[in-house]
Structures are given as structure tokens and as C-alpha cells.
4 protein chains.
Amino acid sequence: MKSSTVKLRVRYPETDKMGVVHHTNYFVYFEIGRLEYLRDLGLPYIELEKEGFQLAVHEARCTYKASARFDDVLVVETWLSRLTYTQMELSYKISREESNDGSLTLLADGTTKLVCIDEGLRPKRIPNKIRDLLPPTTSDTSNT
Amino acid sequence: MKSSTVKLRVRYPETDKMGVVHHTNYFVYFEIGRLEYLRDLGLPYIELEKEGFQLAVHEARCTYKASARFDDVLVVETWLSRLTYTQMELSYKISREESNDGSLTLLADGTTKLVCIDEGLRPKRIPNKIRDLLPPTTSDTSNT
Amino acid sequence: MKSSTVKLRVRYPETDKMGVVHHTNYFVYFEIGRLEYLRDLGLPYIELEKEGFQLAVHEARCTYKASARFDDVLVVETWLSRLTYTQMELSYKISREESNDGSLTLLADGTTKLVCIDEGLRPKRIPNKIRDLLPPTTSDTSNT
Amino acid sequence: MKSSTVKLRVRYPETDKMGVVHHTNYFVYFEIGRLEYLRDLGLPYIELEKEGFQLAVHEARCTYKASARFDDVLVVETWLSRLTYTQMELSYKISREESNDGSLTLLADGTTKLVCIDEGLRPKRIPNKIRDLLPPTTSDTSNT
């Protein structure tokens with residue numbers, strides 16, 4: 001699997017007095033994309049949790065290019081951009097699906113670096129069960 | 001203790017595209033008032049949790065009278081309005097502290113009914129330790 | 001139209017340290033139900049705004065019966081329960097769609113009273129354009 | 001002014017089912033730090049808005065080092081790390097004030113790049129009124 005996409009509609013309280021979506025919500029959208037990416041991979045996050053794994057965000061970054069507005073339909077595309085023994089880096093693009101012709105307008109992109117932790121919030125190696133399902137990436141250092 | 005008050009400043013993402021505070025945030029403010037009420041009573045919620053108690057909201061209601069805006073300083077007043085074996089009802093007033101003369105303008109009032117639960121989310125009788133600290137209310141049925 | 005339903009999946013940040021959905025989010029879900037109700041009626045809220053109308057929440061109430069959890073699929077049912085010259089009361093039921101058999105478990109119900117306002121946040125009579133589309137209700141006092 | 005600090009207490013709904021503060025809230029805390037930085041500088045954001053200026057986030061980044069928990073008192077330190085004709089870069093440190101001895105434990109740091117826009121969301125040069133108040137930075141390119 002190269003990437004995963006999920007659609008969502010902007011909620012009213014996600015807007016702020018500037019009339020557009022408050023910038024912090026893009027990180028919520030990234031997370032929705034991430035959870036859908038794992039689900040598409042056959043690894044629903046809720047199943048990972050049942051096995052004692054959690055993914056904690058170590059670093060998050062977003063670059064904003066254009067504003068999302070109330071009621072916009074957004075498309076979040078998510079893909080694995082880097083994998084090491086202890087970290088997964090996922091990358092994201094958020095686009096607006098234009099209501100007239102269905103074309104996509106890029107609004108933001110970003111990345112999150114995730115580490116695997118157990119229920120006691122202690123770091124864990126990303127388990128083989130996960131690694132085997134993840135697609136190879138050019139920057140994969142897991143075999144070096 | 002009759003009532004407890006806490007001040008907070010409206011945060012930017014609490015506003016929506018209407019230019020005012022989104023109505024759902026008033027329930028967040030009620031909760032801040034509630035936690036401060038317990039702290040003032042000598043029962044910080046975090047201590048209750050350590051002893052295995054949690055308070056779950058069974059019913060919440062808010063009536064909106066005027067809008068709060070970005071950067072407003074709000075005053076949340078909280079008091080116990082009813083106490084039974086298994087439920088506490090807290091009542092709230094949210095007012096804006098006017099920047100020119102410090103007077104208070106009432107923006108909203110409401111109530112929440114809370115039940116005591118344990119870590120497994122099962123209902124528990126409100127413990128005597130809590131009951132003894134709570135002020136008597138006219139509607140108190142705990143001794144009937 | 002008797003009622004409208006919309007499905008949504010619980011987002012991770014909607015949960016709190018109790019492990020369940022924080023109670024304030026139910027009012028966000030009510031709003032999603034409300035916007036979908038208007039959309040189904042042929043009155044997308046965004047179109048109402050373009051014509052200078054806004055709906056402000058005058059009163060909101062929710063009763064909680066059972067907890068929603070991360071990744072639950074929720075069904076929000078919305079219907080008009082009362083209509084007067086100046087107010088619409090909408091009622092809601094939030095249920096979990098059980099993953100094994102698709103049955104619905106009621107988690108919460110509630111109501112919101114809405115008033116119509118203009119862009120200056122001044123009260124307005126609910127316009128005929130809206131009234132004509134709304135279904136009659138037993139408590140409708142608009143013709144009395 | 002070198003930097004500005006503001007204290008805040010972690011709110012219950014800012015936690016998630018992992019038991020710690022959900023990572024997206026750190027960007028809300030950065031914003032609170034940013035608004036306080038401007039207020040300390042004598043430029044309350046609400047005054048900037050009245051003059052037709054808004055600051056839009058062009059890029060946001062956060063690195064997470066340790067978890068914040070419910071009821072923690074957090075200290076947000078904010079300073080200007082870069083200034084150009086059209087952009088301000090602010091940097092942040094979020095620390096927990098330990099309840100036993102008041103010492104600070106670093107939880108996260110980050111940066112946001114802000115652009116100045118008008119009410120129509122069009123880019124504007126950062127006005128002299130603002131520039132004159134901002135402290136010089138080593139990376140200041142405003143005179144080059």
C-alpha cells in the first residue's frame with residue numbers, strides 16, 4: 001500500500017473568528033488520516049492497543065498553504081515516509097475537494113514522527129507484526 | 001462554603017466563525033468551575049481519582065443569555081445545588097468581567113448532575129469523606 | 001421528513017483520561033446531527049448563512065446513559081420537536097452501532113433550543129422560507 | 001523583552017485515553033504563549049485585529065519530550081526567534097512546574113512561522129508599529 005485517503009467534512013467548532021479552520025485542527029486531521037492508514041493496512045489502532053502497543057507523537061509539523069472553511073470536504077492522504085527500529089514517520093497532504101468539479105486543492109502538508117510505547121508509556125521496538133505489514137520505504141533503515 | 005469562583009480568559013480556538021465563543025465551550029468552563037469548587041473544598045479531583053473515585057456527568061444543561069468573545073475575562077461561579085445518596089447537582093453562572101469597570105455581565109447559567117463511579121465506571125455511593133465536606137443544601141436528601 | 005440520521009466515528013482526542021468520550025463532545029455531535037438535518041431538509045446551513053441567517057443556541061441539554069469509546073461508530077438522530085415564531089427546538093438521540101450485529105445502543109439524548117439571528121447577532125423571526133420546509137410538529141404554535 | 005512566560009493548568013478534556021495531554025493541545029498552548037508575548041509587548045492581539053491585522057500560522061512544529069498530565073501547571077515561554085519583512089518566527093518551550101519544589105521539567109519545544117494578513121486574508125507587510133516594538137534578533141533580516 002502506497003498511501004491511504006480519508007474524507008471528512010469541516011465541523012463548525014473547528015472554525016475560529018477568522019472565519020477559517022483553526023490551524024491546530026490540521027493535526028487532528030493528520031491523526032484521522034493516520035488511524036485510517038493503519039486500518040487500511042489491516043492494523044486498526046484499537047487492535048494495537050489491545051496488544052499493549054501505543055503510538056506516541058514525538059514530533060509534528062504542518063505547513064499551511066490555503067485555508068479550509070466550514071463545510072468543506074477535505075481529503076487527507078497519508079503515507080509512510082520513513083521507518084526505523086523505533087520510529088515511524090508518516091507524511092500527510094490535506095486537500096479540499098472542490099464542490100463544483102471534484103478537483104483537489106492542496107491546503108496543507110506535514111509529517112509526524114511516532115514512537116512505539118507500552119501501556120506504561122515506556123518506549124518499545126516497533127513489533128515485527130507491524131513492520132511486516134508496513135510497505136518498504138526508500139529511507140527504511142530497519143535492515144541496516 | 002457557599003460557592004467558588006474562578007477566572008479564565010477566552011482562548012482563540014474557542015471562538016467560531018460567528019465571531020463568538022462556540023456554545024459547547026461553556027460546558028468546558030462549567031467543568032473548570034467544578035474542579036475549582038472541589039479544590040476550594042479541599043478535595044482536588046486528582047486526589048479523588050487516586051482514591052478510586054470519579055465523577056461522571058449524568059446530565060448537563062446550559063442556558064445562553066449573551067455571547068462571550070475572544071480575550072474576554074470570564075468568571076465562573078459554582079455551587080452545590082442538590083445532593084442525594086448517589087448524585088451531586090452543581091450549578092453555575094458564567095459572567096464577563098467588563099474591562100472598563102470590572103462589573104459582571106451574566107452570559108450563561110447551567111447545571112450538571114454528577115454520579116460517583118469507580119475506575120471500572122460502575123456507580124458508587126458518594127463517600128462520606130466527600131459528603132462531610134460538602135455544604136448542606138436545602139434539597140439535601142442524604143439524611144432522609 | 002420525520003428525522004434525519006448521520007453516522008460518525010469517535011476521534012481519539014474526543015476521549016479523556018477516563019477512557020471514554022468527554023461529555024462535552026456530545027454537544028458537538030448534536031450540532032453535526034443538526035447540520036445534517038438541515039442539509040437533508042434542503043437547507044444547508046452554509047446557504048442560510050449566505051442569506052444572512054444564523055442559528056444561535058439558546059439552551060442545550062444532554063442526558064448521558066452509557067459511554068461512547070474511541071473508534072465507536074455513533075448514529076445521531078435529529079428531529080424537530082417544537083417550532084415557534086422565533087425558536088426551533090431540535091431533539092437528538094446518540095446511539096452506538098454495535099460492531100458485531102449492527103444493533104443500536106442508546107448512549108445519550110438531548111435537546112437544543114435555537115434562535116434565528118442576523119449577522120449582527122440580533123434576533124430575527126424564523127423566515128417563511130425555512131418554516132415552509134420544516135415538518136409540522138404537535139407543539140407547533142406558529143399558526144396560533 | 002527577551003521572552004514572555006505564561007502559566008496554565010491542564011484541563012480535563014485536554015487529556016485523552018492514553019491518560020496524558022493529547023499532542024494537538026500543545027499548539028493551543030503555543031498560541032496562548034504567543035498572545036501573551038504580544039500582550040507583554042504592549043500589542044494585545046485584539047488591538048491588532050481592530051487595526052485590520054491578523055497573524056496567520058504558515059508553519060507549526062512541536063517536539064515532544066515528556067508527557068503533560070491532568071492538573072499539571074504548565075509554563076509556556078515564548079520568544080521571537082526570527083523576523084523578516086513578511087514573517088515572524090516565534091519559538092516556545094513548555095515545561096511542567098513540579099508541585100513539590102517548583103522546579104521546571106521541559107516537556108516540549110517548538111516554533112511557529114506567522115504571516116501578517118488583512119481581514120480579507122491577503123498577505124501584508126508586518127507594519128512598522130509592530131516591528132518597532134519587536135526586539136532585535138540575530139537572524140533579523142529586516143534591514144537587509
# chains A, B, ... in the order shown; residues from 1 in each chain; ligands from 1

$ closest_atom_pairs --of "chain B" --to "chain D" --cutoff "8 Å" --atoms "only C-alpha atoms" --output "Markdown table"
| residue | atom | partner | partner_atom | distance |
| --- | --- | --- | --- | --- |
| B:Arg11 | CA | D:Ile32 | CA | 7.3 |
| B:Pro13 | CA | D:Val28 | CA | 7.7 |
| B:Val28 | CA | D:Pro13 | CA | 7.7 |
| B:Ile32 | CA | D:Arg11 | CA | 7.3 |
| B:Ile46 | CA | D:Asp71 | CA | 7.3 |
| B:Phe70 | CA | D:Ile46 | CA | 7.9 |
| B:Asp71 | CA | D:Ile46 | CA | 7.3 |

$ residues_around --residues "Asn25 of chain A" --least-positions-apart "5" --cutoff "10 Å" --atoms "only C-alpha atoms" --output "VMD selection string"
(chain A and resid 10 14 to 15 30 to 31) or (chain B and resid 13) or (chain D and resid 24 to 25 27 to 28)

$ select_by_dssp --residues "chain B" --states "strand (DSSP E or B)" --output "MDAnalysis selection string"
chainID B and resid 4:9 15 21 54:64 73:83 87:97 104:117 123:124

$ closest_atom_pairs --of "segment 51-85 of chain D" --to "segment 91-113 of chain A" --cutoff "12 Å" --atoms "only C-alpha atoms" --output "Markdown table"
| residue | atom | partner | partner_atom | distance |
| --- | --- | --- | --- | --- |
| D:Val57 | CA | A:Ala108 | CA | 11.3 |
| D:His58 | CA | A:Ala108 | CA | 9.5 |
| D:Glu59 | CA | A:Gly110 | CA | 9.3 |
| D:Ala60 | CA | A:Gly110 | CA | 9.3 |
| D:Arg61 | CA | A:Gly110 | CA | 9.3 |
| D:Cys62 | CA | A:Thr112 | CA | 9.6 |
| D:Thr63 | CA | A:Lys113 | CA | 9.2 |
| D:Tyr64 | CA | A:Lys113 | CA | 10.0 |

$ atom_distance --atom1 "atom CA of Glu36 of chain C" --atom2 "atom CA of Asp16 of chain D"
27.3 Å

$ select_by_dssp --residues "segment 2-143 of chain B" --states "helix (DSSP H, G or I)" --output "ChimeraX atom specification"
/B:12-14,25-40,45-50,128-133

$ residues_around --residues "Arg39 of chain D" --least-positions-apart "6" --cutoff "12 Å" --atoms "only C-alpha atoms" --output "list in words"
Asp71 of chain B; Met1, Ser3, Ser4, Thr5, Val6, Ile32, Gly33, Tyr45, Ile46, Glu47, Leu48, Thr78, Ile130, Leu133 and Leu134 of chain D

$ atom_distance --atom1 "atom CA of Lys2 of chain D" --atom2 "atom CA of Tyr37 of chain D"
9.9 Å

$ atom_distance --atom1 "atom CA of Leu114 of chain B" --atom2 "atom CA of Lys7 of chain B"
22.5 Å

$ residues_around --residues "Gln87 of chain C" --least-positions-apart "6" --cutoff "12 Å" --atoms "only C-alpha atoms" --output "list in words"
Leu55, Ala56, Val57, His58, Glu59, Leu80, Ser81, Thr112, Lys113, Leu114, Val115, Cys116, Ile117, Pro123, Lys124, Arg125, Ile126, Pro127, Ile130, Arg131, Ser139, Asp140, Thr141 and Ser142 of chain C
